[in-house]
$ cat upload_10.cif   # mmCIF, C-alpha atoms
data_work
#
loop_
_atom_site.label_atom_id
_atom_site.label_comp_id
_atom_site.auth_asym_id
_atom_site.auth_seq_id
_atom_site.Cartn_x
_atom_site.Cartn_y
_atom_site.Cartn_z
CA MET L 61 17.82 206.49 124.71
CA LEU L 62 15.41 209.18 123.62
CA VAL L 63 14.50 212.72 124.65
CA GLU L 64 11.39 214.34 123.25
CA ILE L 65 9.81 217.77 123.69
CA LYS L 66 6.07 217.91 122.95
CA ASP L 67 4.16 221.11 122.28
CA ALA L 68 0.76 219.43 122.52
CA PRO L 69 -0.90 217.09 125.04
CA PHE L 70 0.65 213.63 125.13
CA GLU L 71 -0.17 210.25 126.65
CA PRO L 72 2.84 209.29 128.73
CA TYR L 73 2.05 205.60 129.10
CA GLN L 74 1.35 205.28 125.38
CA CYS L 75 4.69 206.95 124.65
CA LEU L 76 6.32 204.46 127.01
CA LEU L 77 4.63 201.48 125.34
CA ASP L 78 5.44 202.70 121.83
CA TYR L 79 9.07 203.20 122.75
CA GLN L 80 9.25 199.84 124.50
CA ALA L 81 7.67 198.05 121.53
CA ASN L 82 10.36 199.36 119.19
CA ALA L 83 13.35 199.13 121.49
CA GLY L 84 15.90 196.37 121.21
CA PHE L 85 15.60 195.10 124.77
CA ALA L 86 12.54 192.81 124.55
CA GLY L 87 12.99 189.80 126.80
CA LYS L 88 15.91 191.43 128.62
CA TYR L 89 14.20 193.87 130.92
CA GLY L 90 12.78 192.75 134.23
CA ALA L 91 12.18 196.24 135.57
CA THR L 92 10.61 199.44 134.29
CA ALA L 93 10.46 202.46 136.56
CA ALA L 94 8.30 205.27 135.23
CA PHE L 95 7.59 208.68 136.68
CA VAL L 96 4.86 210.95 135.36
CA GLY L 97 4.51 214.57 136.45
CA THR L 98 1.01 215.96 136.03
CA MET L 99 -0.34 219.49 136.25
CA ARG L 100 -2.30 220.04 139.45
CA GLU L 101 -5.32 222.32 139.68
CA PHE L 102 -3.83 224.13 142.66
CA ASN L 103 -0.43 225.40 143.77
CA GLN L 104 0.66 227.26 146.89
CA GLY L 105 -2.94 227.46 148.01
CA ASP L 106 -4.34 228.96 144.81
CA ASP L 107 -6.50 227.47 142.07
CA VAL L 108 -4.56 227.30 138.84
CA GLU L 109 -6.56 227.56 135.62
CA ALA L 110 -3.81 227.03 133.09
CA MET L 111 -0.05 227.00 132.79
CA LEU L 112 2.46 228.06 130.18
CA LEU L 113 5.65 226.05 130.02
CA GLU L 114 8.52 227.94 128.43
CA HIS L 115 11.82 226.33 127.58
CA TYR L 116 15.17 227.02 125.94
CA PRO L 117 14.97 225.21 122.62
CA GLY L 118 18.15 223.33 121.92
CA MET L 119 19.61 223.60 125.39
CA THR L 120 16.72 221.58 126.82
CA GLU L 121 17.36 218.65 124.55
CA LYS L 122 21.11 218.92 125.02
CA TYR L 123 20.78 218.92 128.79
CA LEU L 124 18.29 216.04 128.91
CA GLU L 125 20.49 213.98 126.58
CA LYS L 126 23.46 214.71 128.82
CA ILE L 127 21.73 213.46 131.97
CA SER L 128 20.38 210.42 130.09
CA ALA L 129 23.94 209.55 129.06
CA GLU L 130 25.11 210.10 132.64
CA ALA L 131 22.44 207.74 133.98
CA ALA L 132 23.53 205.10 131.48
CA THR L 133 27.10 205.46 132.76
CA LYS L 134 26.24 205.42 136.44
CA TRP L 135 23.86 202.44 136.36
CA ASN L 136 23.56 199.21 134.46
CA ILE L 137 20.37 200.10 132.62
CA LEU L 138 19.06 199.01 129.24
CA ASP L 139 17.42 202.21 128.06
CA SER L 140 15.71 205.45 129.08
CA LEU L 141 13.04 207.76 127.74
CA ILE L 142 12.27 211.36 128.69
CA VAL L 143 9.27 213.20 127.26
CA HIS L 144 8.53 216.76 128.39
CA ARG L 145 5.64 218.99 127.49
CA ILE L 146 5.95 222.68 126.62
CA GLY L 147 3.40 225.38 125.78
CA GLU L 148 -0.05 226.10 127.15
CA MET L 149 -1.52 223.36 129.34
CA LEU L 150 -4.44 222.59 131.61
CA PRO L 151 -4.87 220.83 134.95
CA ASN L 152 -4.52 217.04 134.66
CA ASP L 153 -2.29 217.37 131.60
CA PRO L 154 0.86 215.28 131.82
CA ILE L 155 3.99 217.44 132.02
CA VAL L 156 6.80 214.93 132.02
CA LEU L 157 7.51 211.23 131.62
CA VAL L 158 10.75 209.62 132.70
CA ALA L 159 11.07 205.87 132.12
CA VAL L 160 14.02 203.56 132.67
CA TRP L 161 14.38 199.89 131.76
CA SER L 162 16.84 197.52 133.39
CA ALA L 163 17.30 193.83 134.12
CA HIS L 164 16.82 194.31 137.88
CA ARG L 165 14.77 196.78 139.84
CA ALA L 166 17.35 198.74 141.84
CA GLU L 167 18.95 200.27 138.75
CA ALA L 168 15.61 201.32 137.23
CA PHE L 169 14.50 202.92 140.51
CA ASP L 170 17.80 204.72 141.06
CA ALA L 171 18.23 205.95 137.50
CA SER L 172 14.66 207.19 137.08
CA ARG L 173 14.89 209.17 140.27
CA TYR L 174 18.26 210.56 139.28
CA LEU L 175 16.86 211.71 135.93
CA MET L 176 13.89 213.42 137.59
CA GLU L 177 16.05 215.17 140.18
CA GLU L 178 18.52 216.38 137.56
CA LEU L 179 15.69 217.46 135.29
CA LYS L 180 14.02 219.42 138.09
CA SER L 181 17.23 221.07 139.21
CA ARG L 182 18.79 222.12 135.90
CA ALA L 183 16.71 221.49 132.75
CA PRO L 184 15.78 224.91 131.30
CA PHE L 185 12.01 224.90 131.67
CA TRP L 186 9.92 227.57 133.38
CA LYS L 187 6.30 227.49 134.46
CA LYS L 188 3.98 230.46 134.40
CA GLU L 189 0.63 229.86 136.07
CA ARG L 190 -2.63 231.55 135.18
CA LEU L 191 -4.80 232.11 138.24
CA ALA L 192 -8.26 233.69 138.25
CA GLU L 193 -6.95 237.25 138.53
CA GLN L 194 -3.32 237.16 137.50
CA THR L 195 -0.46 235.22 136.02
CA ARG L 196 2.72 234.39 137.92
CA TRP L 197 6.02 232.68 137.34
CA VAL L 198 6.46 229.63 139.54
CA GLU L 199 9.34 230.17 141.94
CA LYS L 200 11.87 227.45 142.43
CA LYS L 201 11.41 225.48 145.60
CA THR L 202 13.22 222.16 145.38
CA MET S 152 -6.08 201.82 147.44
CA LEU S 153 -6.42 198.59 145.51
CA VAL S 154 -4.72 195.21 145.37
CA GLU S 155 -5.49 192.83 142.53
CA ILE S 156 -4.32 189.32 141.67
CA LYS S 157 -4.63 188.41 137.97
CA ASP S 158 -4.54 184.85 136.67
CA ALA S 159 -4.25 185.94 133.04
CA PRO S 160 -2.03 188.39 131.13
CA PHE S 161 -2.69 192.02 132.00
CA GLU S 162 -1.70 195.43 130.65
CA PRO S 163 -0.13 197.28 133.59
CA TYR S 164 -0.33 200.78 132.13
CA GLN S 165 -3.95 200.27 131.12
CA CYS S 166 -4.72 199.10 134.67
CA LEU S 167 -3.02 202.24 135.96
CA LEU S 168 -4.99 204.50 133.62
CA ASP S 169 -8.30 202.79 134.41
CA TYR S 170 -7.68 203.12 138.12
CA GLN S 171 -6.57 206.73 137.79
CA ALA S 172 -9.63 207.62 135.72
CA ASN S 173 -11.97 206.38 138.42
CA ALA S 174 -10.06 207.55 141.47
CA GLY S 175 -11.06 210.63 143.43
CA PHE S 176 -7.77 212.46 143.15
CA ALA S 177 -8.05 214.09 139.70
CA GLY S 178 -6.43 217.53 139.71
CA LYS S 179 -4.67 216.79 142.99
CA TYR S 180 -1.79 214.56 141.95
CA GLY S 181 1.38 216.04 140.57
CA ALA S 182 3.36 212.80 140.74
CA THR S 183 2.82 209.20 139.70
CA ALA S 184 5.59 206.67 140.29
CA ALA S 185 4.99 203.34 138.60
CA PHE S 186 7.07 200.20 138.65
CA VAL S 187 6.45 197.28 136.32
CA GLY S 188 8.16 193.93 136.73
CA THR S 189 8.36 191.90 133.53
CA MET S 190 9.34 188.30 132.89
CA ARG S 191 12.75 188.04 131.29
CA GLU S 192 13.70 185.36 128.78
CA PHE S 193 16.78 184.42 130.78
CA ASN S 194 17.73 183.99 134.43
CA GLN S 195 21.00 182.99 136.05
CA GLY S 196 22.51 182.37 132.63
CA ASP S 197 19.76 180.08 131.34
CA ASP S 198 17.05 180.61 128.76
CA VAL S 199 13.64 180.49 130.42
CA GLU S 200 10.75 179.27 128.28
CA ALA S 201 7.90 179.80 130.71
CA MET S 202 7.23 180.43 134.36
CA LEU S 203 4.61 179.34 136.84
CA LEU S 204 3.78 181.81 139.57
CA GLU S 205 2.26 180.17 142.63
CA HIS S 206 0.80 182.15 145.51
CA TYR S 207 -0.98 181.72 148.81
CA PRO S 208 -4.56 182.81 148.05
CA GLY S 209 -5.90 185.02 150.79
CA MET S 210 -2.60 185.70 152.50
CA THR S 211 -1.25 187.40 149.37
CA GLU S 212 -4.07 189.94 149.28
CA LYS S 213 -3.93 190.43 153.03
CA TYR S 214 -0.22 191.07 152.97
CA LEU S 215 -0.35 193.45 150.01
CA GLU S 216 -3.20 195.38 151.60
CA LYS S 217 -1.20 195.61 154.79
CA ILE S 218 1.86 197.13 153.09
CA SER S 219 -0.38 199.47 151.07
CA ALA S 220 -1.90 200.74 154.32
CA GLU S 221 1.59 201.08 155.82
CA ALA S 222 2.76 203.15 152.85
CA ALA S 223 -0.26 205.44 153.24
CA THR S 224 0.70 205.94 156.89
CA LYS S 225 4.38 206.52 156.29
CA TRP S 226 4.03 208.98 153.39
CA ASN S 227 1.64 211.70 152.36
CA ILE S 228 0.32 209.93 149.28
CA LEU S 229 -3.05 210.12 147.57
CA ASP S 230 -3.50 206.52 146.47
CA SER S 231 -1.76 203.29 145.48
CA LEU S 232 -2.41 200.33 143.21
CA ILE S 233 -0.77 196.90 143.19
CA VAL S 234 -1.55 194.33 140.50
CA HIS S 235 0.25 190.98 140.53
CA ARG S 236 0.06 188.15 138.05
CA ILE S 237 -0.18 184.48 139.00
CA GLY S 238 -0.28 181.27 136.98
CA GLU S 239 1.56 180.23 133.83
CA MET S 240 3.33 183.02 132.02
CA LEU S 241 5.74 183.70 129.15
CA PRO S 242 8.75 185.97 128.61
CA ASN S 243 7.77 189.63 128.21
CA ASP S 244 4.61 189.12 130.27
CA PRO S 245 4.14 191.74 132.98
CA ILE S 246 4.39 190.23 136.46
CA VAL S 247 3.66 193.14 138.74
CA LEU S 248 2.55 196.76 138.71
CA VAL S 249 3.00 199.09 141.67
CA ALA S 250 1.75 202.65 141.22
CA VAL S 251 1.60 205.49 143.72
CA TRP S 252 0.03 208.93 143.32
CA SER S 253 0.98 211.97 145.40
CA ALA S 254 1.01 215.76 145.20
CA HIS S 255 4.82 215.92 145.07
CA ARG S 256 7.39 213.56 143.66
CA ALA S 257 9.42 212.47 146.69
CA GLU S 258 6.49 210.68 148.33
CA ALA S 259 5.51 208.80 145.16
CA PHE S 260 9.12 207.68 144.60
CA ASP S 261 9.64 206.62 148.20
CA ALA S 262 6.32 204.83 148.63
CA SER S 263 6.49 202.93 145.33
CA ARG S 264 9.93 201.67 146.13
CA TYR S 265 8.86 200.70 149.63
CA LEU S 266 5.94 198.72 148.25
CA MET S 267 8.15 196.86 145.79
CA GLU S 268 10.78 196.06 148.41
CA GLU S 269 8.17 194.81 150.88
CA LEU S 270 6.41 192.83 148.15
CA LYS S 271 9.68 191.19 147.07
CA SER S 272 10.73 190.37 150.61
CA ARG S 273 7.50 188.99 152.11
CA ALA S 274 4.53 188.64 149.73
CA PRO S 275 3.80 184.90 149.38
CA PHE S 276 4.54 184.32 145.69
CA TRP S 277 6.90 181.70 144.27
CA LYS S 278 8.32 181.37 140.78
CA LYS S 279 9.01 178.08 139.07
CA GLU S 280 10.87 178.38 135.79
CA ARG S 281 10.64 176.03 132.84
CA LEU S 282 13.95 175.69 131.04
CA ALA S 283 14.59 173.58 127.94
CA GLU S 284 15.34 170.40 129.90
CA GLN S 285 13.95 170.93 133.38
CA THR S 286 11.87 173.02 135.73
CA ARG S 287 13.29 174.73 138.81
CA TRP S 288 12.07 176.86 141.65
CA VAL S 289 13.64 180.29 141.68
CA GLU S 290 15.80 180.73 144.76
CA LYS S 291 15.51 183.88 146.75
CA LYS S 292 18.31 186.32 146.17
CA THR S 293 17.31 189.81 147.23
CA MET G 141 -16.91 171.15 168.67
CA THR G 142 -15.39 167.94 167.26
CA THR G 143 -15.40 169.21 163.71
CA LYS G 144 -13.48 172.29 164.82
CA ALA G 145 -10.84 170.58 166.91
CA VAL G 146 -8.43 170.41 163.99
CA ILE G 147 -5.78 172.63 162.54
CA THR G 148 -5.51 173.08 158.80
CA VAL G 149 -1.97 172.91 157.48
CA LYS G 150 -0.83 174.19 154.08
CA PHE G 151 2.43 173.79 152.22
CA PHE G 152 3.53 175.86 149.24
CA ALA G 153 5.97 175.77 146.36
CA SER G 154 9.22 173.80 146.80
CA LEU G 155 8.28 172.97 150.38
CA ARG G 156 5.01 171.43 149.17
CA GLU G 157 7.01 169.19 146.85
CA HIS G 158 9.54 168.42 149.60
CA VAL G 159 6.92 167.24 152.10
CA GLY G 160 4.81 165.63 149.39
CA GLN G 161 1.54 167.19 150.43
CA THR G 162 -0.41 170.35 149.73
CA GLU G 163 -2.76 170.43 152.65
CA ALA G 164 -3.29 168.44 155.82
CA GLU G 165 -5.47 168.48 158.89
CA VAL G 166 -4.01 167.60 162.24
CA ALA G 167 -5.80 167.10 165.53
CA GLU G 168 -5.39 169.99 167.90
CA SER G 169 -4.89 167.89 171.03
CA GLY G 170 -1.57 168.32 172.76
CA MET G 171 -0.07 170.76 170.30
CA LYS G 172 1.30 174.01 171.49
CA SER G 173 3.31 175.61 168.75
CA VAL G 174 3.72 175.97 165.02
CA ALA G 175 6.79 173.74 165.34
CA ASP G 176 4.57 171.02 166.86
CA VAL G 177 2.15 171.37 163.94
CA TRP G 178 5.02 170.90 161.50
CA SER G 179 6.23 167.76 163.26
CA GLN G 180 2.82 166.19 163.44
CA ALA G 181 1.82 167.06 159.87
CA THR G 182 5.07 165.83 158.36
CA ASN G 183 5.76 162.78 160.54
CA ASN G 184 8.66 164.51 162.19
CA MET G 185 10.52 165.61 159.10
CA ALA G 186 13.27 168.11 159.78
CA LEU G 187 12.09 171.68 159.28
CA PRO G 188 14.19 173.10 156.44
CA GLU G 189 16.21 176.17 157.27
CA ASN G 190 14.63 179.43 156.09
CA THR G 191 11.11 178.01 156.12
CA LEU G 192 8.56 180.77 156.56
CA MET G 193 5.48 180.23 158.71
CA ALA G 194 2.10 181.87 158.95
CA VAL G 195 -0.89 181.39 161.23
CA ASN G 196 -4.17 182.59 159.80
CA MET G 197 -2.23 184.31 157.02
CA GLU G 198 0.00 186.37 159.30
CA TYR G 199 3.72 185.74 159.58
CA VAL G 200 4.77 184.09 162.87
CA ASP G 201 7.79 182.25 164.16
CA SER G 202 7.90 178.58 165.06
CA SER G 203 7.21 179.17 168.74
CA CYS G 204 3.84 180.80 168.06
CA THR G 205 1.02 178.95 169.81
CA VAL G 206 -1.89 177.58 167.82
CA LYS G 207 -5.48 176.65 168.58
CA ALA G 208 -8.23 174.60 166.96
CA GLY G 209 -9.54 176.19 163.80
CA ASP G 210 -6.26 177.88 162.94
CA GLU G 211 -4.75 177.69 159.47
CA VAL G 212 -1.01 177.11 159.61
CA ALA G 213 1.13 177.51 156.51
CA PHE G 214 4.73 176.59 155.72
CA PHE G 215 6.57 177.88 152.71
CA PRO G 216 10.02 178.73 151.35
CA PRO G 217 11.43 182.24 150.94
CA VAL G 218 9.21 184.17 148.56
CA THR G 219 10.21 185.10 145.01
CA GLY G 220 7.41 187.26 143.64
CA GLY G 221 7.49 190.64 141.95
CA MET E 276 34.26 238.15 109.50
CA THR E 277 32.23 241.24 110.32
CA THR E 278 28.95 239.35 110.39
CA LYS E 279 30.39 236.92 112.93
CA ALA E 280 31.91 239.44 115.34
CA VAL E 281 28.82 239.49 117.50
CA ILE E 282 27.52 237.53 120.44
CA THR E 283 23.90 236.45 120.53
CA VAL E 284 22.23 236.98 123.89
CA LYS E 285 19.00 235.31 125.02
CA PHE E 286 16.79 235.92 128.03
CA PHE E 287 14.12 233.56 129.30
CA ALA E 288 11.03 233.51 131.49
CA SER E 289 10.79 236.08 134.30
CA LEU E 290 14.26 237.40 133.47
CA ARG E 291 13.15 238.07 129.89
CA GLU E 292 10.28 240.16 131.27
CA HIS E 293 12.59 241.86 133.76
CA VAL E 294 15.09 243.01 131.15
CA GLY E 295 12.36 243.69 128.60
CA GLN E 296 13.97 241.80 125.74
CA THR E 297 14.04 238.26 124.41
CA GLU E 298 17.16 238.32 122.31
CA ALA E 299 19.96 240.74 121.61
CA GLU E 300 23.18 240.92 119.70
CA VAL E 301 26.17 242.66 121.14
CA ALA E 302 29.49 243.43 119.50
CA GLU E 303 32.27 241.16 120.61
CA SER E 304 34.94 243.86 120.89
CA GLY E 305 36.40 244.38 124.32
CA MET E 306 34.23 241.85 126.18
CA LYS E 307 35.84 239.17 128.21
CA SER E 308 33.23 237.45 130.32
CA VAL E 309 29.58 236.47 130.52
CA ALA E 310 29.20 239.25 133.12
CA ASP E 311 30.43 241.75 130.52
CA VAL E 312 27.88 240.43 128.02
CA TRP E 313 25.10 240.92 130.58
CA SER E 314 26.18 244.52 131.27
CA GLN E 315 26.43 245.48 127.63
CA ALA E 316 23.16 243.76 126.59
CA THR E 317 21.15 245.24 129.47
CA ASN E 318 22.69 248.68 129.65
CA ASN E 319 24.33 247.90 132.95
CA MET E 320 21.30 246.57 134.80
CA ALA E 321 22.13 244.79 138.03
CA LEU E 322 22.38 241.02 137.53
CA PRO E 323 19.62 239.48 139.68
CA GLU E 324 20.77 237.03 142.28
CA ASN E 325 20.36 233.37 141.30
CA THR E 326 20.48 234.13 137.59
CA LEU E 327 21.66 231.09 135.64
CA MET E 328 23.96 231.50 132.66
CA ALA E 329 24.82 229.35 129.68
CA VAL E 330 27.27 229.71 126.83
CA ASN E 331 26.42 227.69 123.74
CA MET E 332 23.79 225.85 125.79
CA GLU E 333 26.16 224.69 128.52
CA TYR E 334 25.94 226.01 132.07
CA VAL E 335 28.76 228.39 132.99
CA ASP E 336 29.43 230.96 135.67
CA SER E 337 29.67 234.70 135.11
CA SER E 338 33.44 234.70 134.79
CA CYS E 339 33.38 232.39 131.77
CA THR E 340 35.07 234.01 128.76
CA VAL E 341 33.18 234.44 125.53
CA LYS E 342 34.10 234.85 121.90
CA ALA E 343 32.44 236.06 118.70
CA GLY E 344 29.75 233.69 117.51
CA ASP E 345 28.86 232.45 121.00
CA GLU E 346 25.28 232.25 122.21
CA VAL E 347 24.96 233.50 125.78
CA ALA E 348 21.76 232.91 127.74
CA PHE E 349 20.48 234.29 131.04
CA PHE E 350 17.56 232.80 132.91
CA PRO E 351 16.04 232.34 136.36
CA PRO E 352 16.11 229.10 138.38
CA VAL E 353 14.33 226.39 136.41
CA THR E 354 10.90 225.00 137.33
CA GLY E 355 10.18 222.17 134.89
CA GLY E 356 9.12 218.58 135.53
#
$ encode --input "upload_10.cif" --output "structure tokens"
Amino acid sequence: MLVEIKDAPFEPYQCLLDYQANAGFAGKYGATAAFVGTMREFNQGDDVEAMLLEHYPGMTEKYLEKISAEAATKWNILDSLIVHRIGEMLPNDPIVLVAVWSAHRAEAFDASRYLMEELKSRAPFWKKERLAEQTRWVEKKT
Amino acid sequence: MLVEIKDAPFEPYQCLLDYQANAGFAGKYGATAAFVGTMREFNQGDDVEAMLLEHYPGMTEKYLEKISAEAATKWNILDSLIVHRIGEMLPNDPIVLVAVWSAHRAEAFDASRYLMEELKSRAPFWKKERLAEQTRWVEKKT
Amino acid sequence: MTTKAVITVKFFASLREHVGQTEAEVAESGMKSVADVWSQATNNMALPENTLMAVNMEYVDSSCTVKAGDEVAFFPPVTGG
Amino acid sequence: MTTKAVITVKFFASLREHVGQTEAEVAESGMKSVADVWSQATNNMALPENTLMAVNMEYVDSSCTVKAGDEVAFFPPVTGG
């Protein structure tokens, strides 16, 4: 179980493979469910040139570790990985990776979605978008 | 939208990245949901040394293309990719990749799970396991 | 038309081993349904429960009618993914 | 104990800009709740609706009691992922 905050661009699938290669569950996992959130070049009808992702250092990690532990309690999974970007980013940059490994698929699907929903609803990250003429804080919608 | 059958080991995340790099949706996807099925080294309490994956050439592709088209009708997604292995394989070999891209996460989660469930329930593939002392066809369970 | 007046039959996986053949051709004359194709191709073996059937690579049930040139396939429940 | 008799207050994102400060320290004396910390740190600004609050990096509500040495944070609804 690992939570990582990255302040520079990262390759989510490479992170996943690196973690998987060093984890203790080789041969035991039949299912990997991975979700990657990526920065879009538009939002709410406007072109977005760049984005600043602020977070609450310390609380972010604590919260993500808490939901990872919860997922491991709720479902029979082998392991999970969360990587989240912070700082200045550009369209097409990966923002977040959530990956879950389990013996069978239902648990990986359920747990990865749970982690993403909990992350979106409560993890202390905030997005500020830079448009052509202004910057704006993204307002919560989901 | 792409369906591929591979008769040799493949790297699912590299397939995903290659497809994504050449697809027309750069800048438009905020969500990628990927599922990878991997061969385990045990099944139903027995060590599995190898597995042969048989399929129905022609019908497999037709069926997978049909469910891909259905997913694109049911959900507002940007694209999907299914890659499935056939032939002789070993523990830790990837068996299947399903990836879905969409603007927002719910659609990618829902559509990827739909594709996996439909693939598991009706795509004409059959697994034959080689154990230490015998071979056996895997019996359907889900 | 003589060369076309046959139906191609395919068997897969455990069902292929059970019937002891991979592929067969049966004459079209007098057959009406996928069930008839099974009987003729297998010398009236019992159709195992849960057998899945396809005509021209689309799922059908055993009452589906067939015609010359069709490809009919029989196979056990699938276990891919 | 004098150096510890304070509460550290943090503000994030749009709320940080709204209150015009990133971090503050307030004396612990006489405060009972997170709401009191907000009032003292912001000179009695109104607490915006939907503000989220944490004490020592755990979510709490505004009635949560605080003590010297605590870190209290105020921030808007989160938008990560």
$ atom_distance --input "upload_10.cif" --atom1 "CA of Gln74 (chain L)" --atom2 "CA of Leu157 (chain L)"
10.6 Å
$ closest_residue --input "upload_10.cif" --among "S:Glu216, S:Asp169, S:Ser253, S:Pro242" --to "Arg100 (chain L)" --atoms "all atoms listed in the file"
S:Ser253
$ resolve_selection --input "upload_10.cif" --expression "the PyMOL selection byres ((chain G and resi 203) around 12)" --output "list in words"
Met171, Lys172, Ser173, Val174, Ala175, Asp176, Val177, Trp178, Met193, Ala194, Val195, Tyr199, Val200, Asp201, Ser202, Cys204, Thr205 and Val206 of chain G
$ resolve_selection --input "upload_10.cif" --expression "the PyMOL selection byres ((chain S and resi 262) around 8)" --output "list in words"
Ala222, Trp226, Ile228, Val251, Glu258, Ala259, Phe260, Asp261, Ser263, Arg264, Tyr265 and Leu266 of chain S
$ atom_distance --input "upload_10.cif" --atom1 "CA of Gly181 (chain S)" --atom2 "CA of Gly90 (chain L)"
26.7 Å
$ residues_around --input "upload_10.cif" --residues "Lys213 (chain S)" --least-positions-apart "5" --cutoff "12 Å" --atoms "only C-alpha atoms" --output "compact mmCIF listing (two decimals) with C-alpha atoms, in the frame of the given file"
# COMPACT_ATOMS: atom_id res chain seq x y z
CA LEU S 153 -6.42 198.59 145.51
CA VAL S 154 -4.72 195.21 145.37
CA GLU S 155 -5.49 192.83 142.53
CA ILE S 156 -4.32 189.32 141.67
CA TYR S 207 -0.98 181.72 148.81
CA PRO S 208 -4.56 182.81 148.05
CA ILE S 218 1.86 197.13 153.09
CA SER S 219 -0.38 199.47 151.07
CA ALA S 220 -1.90 200.74 154.32
CA LEU S 270 6.41 192.83 148.15
CA ARG S 273 7.50 188.99 152.11
CA ALA S 274 4.53 188.64 149.73
CA PRO S 275 3.80 184.90 149.38
CA ASN G 196 -4.17 182.59 159.80
CA MET G 197 -2.23 184.31 157.02
CA GLU G 198 0.00 186.37 159.30
CA TYR G 199 3.72 185.74 159.58
$ residues_near_point --input "upload_10.cif" --point "(2.7, 166.2, 163.2)" --cutoff "12 Å" --atoms "all atoms listed in the file" --output "number ranges by chain"
G: 146-149, 159, 164-187
$ closest_residue --input "upload_10.cif" --among "L:Ser181, L:Asn152, L:Gln80, L:Thr195" --to "Gly355 (chain E)" --atoms "all atoms listed in the file"
L:Ser181
$ interface_residues --input "upload_10.cif" --of "chain L" --to "chain G" --cutoff "12 Å" --atoms "all atoms listed in the file" --output "MDAnalysis selection string"
chainID L and resid 90:91 164:165
$ interface_residues --input "upload_10.cif" --of "chain S" --to "chain L" --cutoff "7 Å" --atoms "only C-alpha atoms" --output "list of chain:residue names"
S:Tyr164, S:Ala177, S:Gly178, S:Lys179, S:Tyr180, S:Gly181, S:Ala182, S:Thr183, S:Ala184, S:Ala185, S:Phe186, S:Val187, S:Gly188, S:Thr189, S:Met190, S:Arg191, S:Glu192, S:Pro242, S:Asn243
$ axis_aligned_box --input "upload_10.cif" --around "region 328-334 of chain E" --padding-each-side "5 Å" --output "JSON"
{"center_x": 25.5, "center_y": 228.1, "center_z": 128.2, "size_x": 13.5, "size_y": 16.8, "size_z": 18.9}
$ closest_residue --input "upload_10.cif" --among "L:Glu178, L:Pro69, L:Leu191, L:Met61" --to "Ala132 (chain L)" --atoms "all atoms listed in the file"
L:Met61
